[in-house]
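Asks: Below you'll find model.cif; it's mmCIF, C-alpha atoms and all ligand atoms.
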data_final
loop_
_atom_site.label_atom_id
_atom_site.label_comp_id
_atom_site.auth_asym_id
_atom_site.auth_seq_id
_atom_site.Cartn_x
_atom_site.Cartn_y
_atom_site.Cartn_z
CA MET B 10 -78.21 35.99 56.40
CA PHE B 11 -77.41 34.08 53.26
CA THR B 12 -79.96 31.62 51.89
CA LEU B 13 -79.84 28.65 49.56
CA LEU B 14 -81.75 29.59 46.42
CA LYS B 15 -83.65 27.05 44.39
CA LEU B 16 -81.91 25.96 41.20
CA PRO B 17 -83.29 27.42 37.95
CA TYR B 18 -83.95 23.85 36.71
CA ALA B 19 -85.13 20.55 38.22
CA TYR B 20 -82.60 18.12 39.75
CA ASP B 21 -83.21 15.70 36.88
CA ALA B 22 -83.10 18.34 34.12
CA LEU B 23 -79.41 17.79 33.34
CA GLU B 24 -79.80 14.03 32.73
CA PRO B 25 -78.16 12.02 31.30
CA TYR B 26 -75.02 14.12 31.83
CA PHE B 27 -75.51 15.06 35.49
CA ASP B 28 -77.74 12.57 37.30
CA LYS B 29 -80.60 13.56 39.56
CA GLN B 30 -79.20 12.03 42.75
CA THR B 31 -75.85 13.81 42.40
CA MET B 32 -77.57 17.12 41.64
CA GLU B 33 -79.89 16.78 44.62
CA LEU B 34 -77.07 15.92 47.04
CA HIS B 35 -74.77 18.54 45.56
CA HIS B 36 -77.30 21.35 45.93
CA SER B 37 -79.45 20.40 48.93
CA LYS B 38 -76.62 18.98 51.07
CA HIS B 39 -73.19 20.22 49.96
CA HIS B 40 -74.13 23.73 48.82
CA ALA B 41 -76.59 24.03 51.71
CA THR B 42 -73.84 23.23 54.22
CA TYR B 43 -71.61 26.01 52.85
CA VAL B 44 -74.47 28.46 53.38
CA THR B 45 -75.18 27.23 56.91
CA LYS B 46 -71.54 27.36 57.98
CA LEU B 47 -71.05 30.78 56.39
CA ASN B 48 -74.01 32.12 58.39
CA GLU B 49 -72.70 30.50 61.58
CA ALA B 50 -69.32 32.16 61.11
CA LEU B 51 -70.87 35.56 60.36
CA ALA B 52 -72.83 35.37 63.62
CA ASN B 53 -69.48 36.47 65.11
CA ALA B 54 -69.47 39.60 62.93
CA PRO B 55 -73.15 40.38 62.25
CA GLU B 56 -72.28 43.76 60.67
CA LEU B 57 -71.11 41.71 57.66
CA TYR B 58 -74.62 40.35 57.02
CA THR B 59 -75.31 43.49 54.97
CA LYS B 60 -72.50 42.64 52.54
CA SER B 61 -73.02 40.56 49.43
CA ILE B 62 -71.06 37.36 49.01
CA GLU B 63 -69.05 39.05 46.24
CA GLU B 64 -68.17 41.98 48.54
CA LEU B 65 -66.91 39.59 51.22
CA LEU B 66 -64.73 37.55 48.86
CA VAL B 67 -63.33 40.49 46.88
CA ASN B 68 -62.09 42.04 50.10
CA LEU B 69 -61.52 39.33 52.69
CA ASN B 70 -59.61 41.87 54.79
CA VAL B 71 -62.95 43.24 56.02
CA VAL B 72 -63.59 39.85 57.62
CA PRO B 73 -62.20 39.50 61.17
CA GLU B 74 -59.13 37.29 61.22
CA ASN B 75 -60.65 34.68 63.54
CA ILE B 76 -63.35 33.81 60.98
CA ARG B 77 -61.51 34.63 57.74
CA THR B 78 -60.58 31.03 56.91
CA VAL B 79 -64.14 29.83 57.51
CA VAL B 80 -65.54 32.64 55.35
CA THR B 81 -62.96 31.88 52.63
CA ASN B 82 -63.97 28.20 52.60
CA HIS B 83 -67.72 28.40 53.13
CA GLY B 84 -68.33 31.80 51.54
CA GLY B 85 -66.22 30.63 48.61
CA GLY B 86 -68.22 27.41 48.56
CA HIS B 87 -71.46 29.38 48.41
CA TYR B 88 -70.26 31.76 45.68
CA ASN B 89 -68.56 29.10 43.56
CA HIS B 90 -71.62 26.85 43.57
CA LEU B 91 -73.98 29.72 42.72
CA PHE B 92 -71.70 30.49 39.81
CA PHE B 93 -71.47 26.85 38.73
CA TRP B 94 -75.27 26.44 38.70
CA SER B 95 -75.58 29.57 36.59
CA ILE B 96 -73.39 28.39 33.70
CA ILE B 97 -74.99 24.99 33.11
CA GLN B 98 -78.40 24.25 31.66
CA PRO B 99 -80.53 21.36 30.41
CA PRO B 100 -78.90 19.85 27.30
CA ILE B 101 -79.85 21.43 23.98
CA GLY B 102 -78.59 20.28 20.59
CA ASN B 103 -74.83 19.82 20.44
CA GLY B 104 -74.14 22.05 23.45
CA GLY B 105 -73.45 25.33 21.67
CA GLU B 106 -70.39 27.57 21.42
CA PRO B 107 -69.12 30.92 22.72
CA GLU B 108 -71.01 33.84 21.17
CA GLY B 109 -70.36 37.45 20.18
CA GLU B 110 -67.45 39.28 21.82
CA LEU B 111 -66.56 36.16 23.80
CA ALA B 112 -66.11 34.10 20.62
CA SER B 113 -63.62 36.68 19.27
CA ALA B 114 -61.76 36.81 22.59
CA VAL B 115 -61.47 33.00 22.71
CA ASP B 116 -59.96 32.99 19.20
CA ARG B 117 -57.63 35.85 20.12
CA ASP B 118 -56.38 34.36 23.41
CA PHE B 119 -56.43 30.59 22.70
CA GLY B 120 -56.25 30.26 18.91
CA ASP B 121 -59.70 28.73 18.49
CA VAL B 122 -62.50 27.21 20.52
CA THR B 123 -61.19 23.63 20.09
CA LYS B 124 -57.82 24.61 21.51
CA PHE B 125 -59.57 26.41 24.37
CA ARG B 126 -61.65 23.32 25.18
CA ASP B 127 -58.57 21.10 25.13
CA ASP B 128 -56.59 23.43 27.39
CA PHE B 129 -59.51 23.83 29.78
CA THR B 130 -60.12 20.08 29.93
CA LYS B 131 -56.43 19.43 30.63
CA ALA B 132 -56.46 21.97 33.45
CA ALA B 133 -59.58 20.43 34.99
CA VAL B 134 -58.32 16.85 34.68
CA SER B 135 -54.98 17.67 36.27
CA ILE B 136 -56.19 19.43 39.42
CA PHE B 137 -54.73 17.46 42.31
CA GLY B 138 -57.32 16.95 45.02
CA SER B 139 -60.39 19.17 45.33
CA GLY B 140 -60.81 22.38 43.42
CA TRP B 141 -62.13 24.22 40.40
CA ALA B 142 -61.03 25.08 36.85
CA TRP B 143 -62.08 28.50 35.56
CA LEU B 144 -62.14 30.62 32.47
CA VAL B 145 -61.49 34.15 33.70
CA ALA B 146 -60.98 37.62 32.27
CA ASN B 147 -58.54 40.14 33.74
CA ARG B 148 -59.15 43.91 33.94
CA ASP B 149 -58.15 44.25 30.26
CA ASN B 150 -60.65 41.50 29.32
CA LYS B 151 -57.83 39.14 28.40
CA LEU B 152 -58.91 35.53 28.92
CA SER B 153 -57.03 32.84 30.77
CA ILE B 154 -57.60 29.44 32.34
CA ILE B 155 -56.80 29.11 36.02
CA THR B 156 -57.42 26.54 38.73
CA THR B 157 -58.21 27.18 42.38
CA ALA B 158 -57.83 24.80 45.30
CA ASN B 159 -60.57 23.97 47.79
CA GLN B 160 -63.20 26.74 47.58
CA ASP B 161 -60.91 29.62 46.66
CA SER B 162 -62.52 31.99 44.18
CA PRO B 163 -61.03 34.04 41.32
CA ILE B 164 -62.87 37.17 42.47
CA THR B 165 -60.52 37.26 45.48
CA GLN B 166 -57.65 37.61 42.95
CA GLY B 167 -59.41 40.46 41.14
CA LEU B 168 -60.37 38.26 38.18
CA LYS B 169 -63.77 38.07 36.50
CA PRO B 170 -65.01 34.46 36.31
CA LEU B 171 -66.83 33.41 33.13
CA LEU B 172 -67.01 29.62 33.27
CA THR B 173 -66.19 27.00 35.87
CA ILE B 174 -66.26 23.31 36.64
CA ASP B 175 -66.35 21.83 40.13
CA VAL B 176 -63.97 18.87 40.29
CA TRP B 177 -64.55 17.98 43.93
CA GLU B 178 -65.40 14.27 43.98
CA HIS B 179 -68.85 15.05 45.42
CA ALA B 180 -69.66 16.62 42.02
CA TYR B 181 -69.27 13.36 40.10
CA TYR B 182 -68.35 10.30 42.12
CA LEU B 183 -71.80 8.66 42.26
CA LYS B 184 -72.12 8.53 38.48
CA TYR B 185 -68.55 8.68 37.19
CA GLN B 186 -66.54 7.19 40.10
CA ASN B 187 -62.83 7.88 39.47
CA LYS B 188 -63.39 8.86 35.83
CA ARG B 189 -63.15 12.62 36.17
CA ALA B 190 -62.43 13.04 32.45
CA ASP B 191 -65.82 11.46 31.59
CA TYR B 192 -67.54 13.88 33.95
CA ILE B 193 -65.77 16.81 32.28
CA ASP B 194 -66.83 15.54 28.83
CA ALA B 195 -70.43 15.39 30.06
CA TRP B 196 -70.20 18.89 31.56
CA TRP B 197 -69.21 20.39 28.17
CA LYS B 198 -72.59 19.17 26.83
CA ILE B 199 -74.53 21.31 29.30
CA VAL B 200 -72.49 24.53 29.36
CA ASN B 201 -74.78 27.54 28.97
CA TRP B 202 -72.73 29.53 26.45
CA GLN B 203 -75.34 32.28 26.24
CA GLU B 204 -74.87 32.96 29.93
CA VAL B 205 -71.06 32.71 29.74
CA SER B 206 -71.05 35.14 26.80
CA ARG B 207 -73.38 37.45 28.73
CA LYS B 208 -71.05 37.43 31.75
CA PHE B 209 -68.14 38.40 29.48
CA ALA B 210 -70.07 41.27 27.84
CA LYS B 211 -71.18 42.65 31.23
CA LYS B 212 -68.96 45.54 32.32
MN MN3 J 301 -69.35 21.14 44.81
#
Now, as a test, write the supplied structure out as structure tokens.

Replies:
Amino acid sequence: MFTLLKLPYAYDALEPYFDKQTMELHHSKHHATYVTKLNEALANAPELYTKSIEELLVNLNVVPENIRTVVTNHGGGHYNHLFFWSIIQPPIGNGGEPEGELASAVDRDFGDVTKFRDDFTKAAVSIFGSGWAWLVANRDNKLSIITTANQDSPITQGLKPLLTIDVWEHAYYLKYQNKRADYIDAWWKIVNWQEVSRKFAKK
């Protein structure tokens, strides 16, 4: 059975960028529901309870066809949110920058970090409907920016996720209403670049 883990910071720790009420609803209601529905679906294939969420999403063919869509949506929802919580942190200083090998790769594949931020922001702003923008690495560690719809996850495409933003309205509507770009600006202030750089360095 999958469980909803506590966040590594308090619901109000990302203020003023992410407000407490949104964080609480996002984690204890939205993320929790993905976990509940994933477990309900897997009750039909209990042998899959031994698999990690990554194993399920990397190879969705192991999931019986009658629950594959539910596992894609709710398993993806669980994985994507876990990932999202892991790459943000309480605000420190000016928000930091990519480090080490990741910094070199960003320069190599985007020109410089400013260009990367602009491209990533554009991708996140222009997602139509609900979805996610991602910085990913392919098997050769080449970086690219992709978007996924709904709760689809890059690991299903064989890509290694490094950074992501949730642009479902539930992630920002209470504080930012229709101003998704303002929410994205705020999110940049709380990106945990140490963790993103660590994910890139991990083989
Ligand atoms: Mn969400």

Asks: Return as a tab-separated table the residues of range 136-181 of chain B lying at most 12 Å from range 72-92 of chain B, together with the closest atom-to-atom pair for each and the distance in Å to one decimal, counting only C-alpha atoms, with rows in chain order and ascending residue number.

Replies:
residue	atom	partner	partner_atom	distance
B:Ser139	CA	B:Gly86	CA	11.8
B:Gly140	CA	B:Asn89	CA	10.3
B:Trp141	CA	B:Asn89	CA	8.7
B:Ala142	CA	B:Asn89	CA	10.9
B:Trp143	CA	B:Asn89	CA	10.3
B:Thr157	CA	B:Asn89	CA	10.6
B:Ala158	CA	B:Asn82	CA	10.1
B:Asn159	CA	B:Asn82	CA	7.3
B:Gln160	CA	B:Gly85	CA	5.0
B:Asp161	CA	B:Gly85	CA	5.7
B:Ser162	CA	B:Gly85	CA	5.9
B:Pro163	CA	B:Asn89	CA	9.3
B:Ile164	CA	B:Gly85	CA	9.6
B:Thr165	CA	B:Thr81	CA	9.3
B:Lys169	CA	B:Phe92	CA	11.5
B:Pro170	CA	B:Phe92	CA	8.5
B:Leu171	CA	B:Phe92	CA	8.8
B:Leu172	CA	B:Phe92	CA	8.1
B:Thr173	CA	B:Phe92	CA	7.6
B:Ile174	CA	B:Asn89	CA	9.3
B:Asp175	CA	B:His90	CA	8.1
B:Val176	CA	B:His90	CA	11.5
B:Trp177	CA	B:Gly86	CA	11.1
B:Ala180	CA	B:His90	CA	10.5

Asks: Using only C-alpha atoms, which of B:Asp149, B:Asp127, B:Asp194, B:Glu33 sits nearest Gly167 in chain B?

Replies: B:Asp149

Asks: Which of these, B:Lys211, B:Arg148, B:His35, B:Lys131, has the shortest distance to ligand MN3 301 (chain J) once you count all atoms listed in the file?

Replies: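 Between B:Lys211, B:Arg148, B:His35, B:Lys131, the residue approaching ligand MN3 301 (chain J) most closely is B:His35.
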
Asks: Residues near Met10 in chain B, anyone? I mean within 10 Å using only C-alpha atoms, not counting same-chain ones fewer than 2 positions away, as JSON, numbers by chain.

Replies: {"B": [12, 44, 45, 47, 48, 49, 51, 52, 55, 57, 58, 59, 60, 61]}

Asks: Any idea what's packed within 8 Å of range 108-111 of chain B, counting only C-alpha atoms, ignoring anything in its chain fewer than 5 positions away? Could you give it as a list in words?

Replies: Trp202, Gln203, Ser206, Phe209 and Ala210 of chain B

Asks: Write a file of the just-selected residues containing C-alpha atoms, as a PDB file, keeping the file's coordinate frame.

Replies:
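Written file, result24.pdb:
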ATOM      1  CA  TRP B 202     -72.730  29.530  26.450  1.00  0.00           C
ATOM      2  CA  GLN B 203     -75.340  32.280  26.240  1.00  0.00           C
ATOM      3  CA  SER B 206     -71.050  35.140  26.800  1.00  0.00           C
ATOM      4  CA  PHE B 209     -68.140  38.400  29.480  1.00  0.00           C
ATOM      5  CA  ALA B 210     -70.070  41.270  27.840  1.00  0.00           C
TER       6      ALA B 210
END

Asks: Calculated over all atoms listed in the file, which of the candidates B:His179, B:Lys38, B:Lys124, B:Lys29 has the smallest distance to ligand MN3 301 (chain J)?

Replies: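 Residue with the minimum atom-to-atom distance to ligand MN3 301 (chain J): B:His179.
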
Asks: Interatomic distance between CA of Asp128 in chain B and CA of Leu16 in chain B?

Replies: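 Separation of CA of Asp128 in chain B and CA of Leu16 in chain B: 29.0 Å.
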
Asks: Calculate how many Å separate CA of Asp118 in chain B from CA of Ile154 in chain B, rounding to one decimal.

Replies: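 Between these atoms lies a distance of 10.3 Å.
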
Asks: Interatomic distance between CA of Lys198 in chain B and CA of Gln166 in chain B?

Replies: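 Computed distance, CA of Lys198 in chain B to CA of Gln166 in chain B, equals 28.7 Å.
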
Asks: With all atoms listed in the file as the basis for distance, which of B:Ile62, B:Ala190, B:Leu168, B:Ile97 is at the shortest distance from Thr130 in chain B?

Replies: B:Ala190

Asks: Could you check the closest approach to ligand MN3 301 (chain J) for each of B:Tyr20, B:Gln30, B:Ala41, B:Leu66 and tell me which residue wins, using all atoms listed in the file?

Replies: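 Using all atoms listed in the file, ligand MN3 301 (chain J) sits closest to B:Ala41.
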
Asks: List the spatial neighbours of Lys184 in chain B as a PDB file with C-alpha atoms, in the coordinates of the input - criterion: any atom at most 9 Å away, all atoms listed in the file, same-chain residues fewer than 2 positions off excluded.

Replies:
ATOM      1  CA  PHE B  27     -75.510  15.060  35.490  1.00  0.00           C
ATOM      2  CA  ASP B  28     -77.740  12.570  37.300  1.00  0.00           C
ATOM      3  CA  GLN B  30     -79.200  12.030  42.750  1.00  0.00           C
ATOM      4  CA  THR B  31     -75.850  13.810  42.400  1.00  0.00           C
ATOM      5  CA  TYR B 181     -69.270  13.360  40.100  1.00  0.00           C
ATOM      6  CA  TYR B 182     -68.350  10.300  42.120  1.00  0.00           C
ATOM      7  CA  GLN B 186     -66.540   7.190  40.100  1.00  0.00           C
ATOM      8  CA  TYR B 192     -67.540  13.880  33.950  1.00  0.00           C
TER       9      TYR B 192
END

Asks: Give the answer as one residue: which of B:Ile96, B:Ala19, B:Met32, B:Leu13 has the shortest atom-to-atom distance to ligand MN3 301 (chain J), using only C-alpha atoms and all ligand atoms?

Replies: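 So, comparing all the options, the nearest one is B:Met32.
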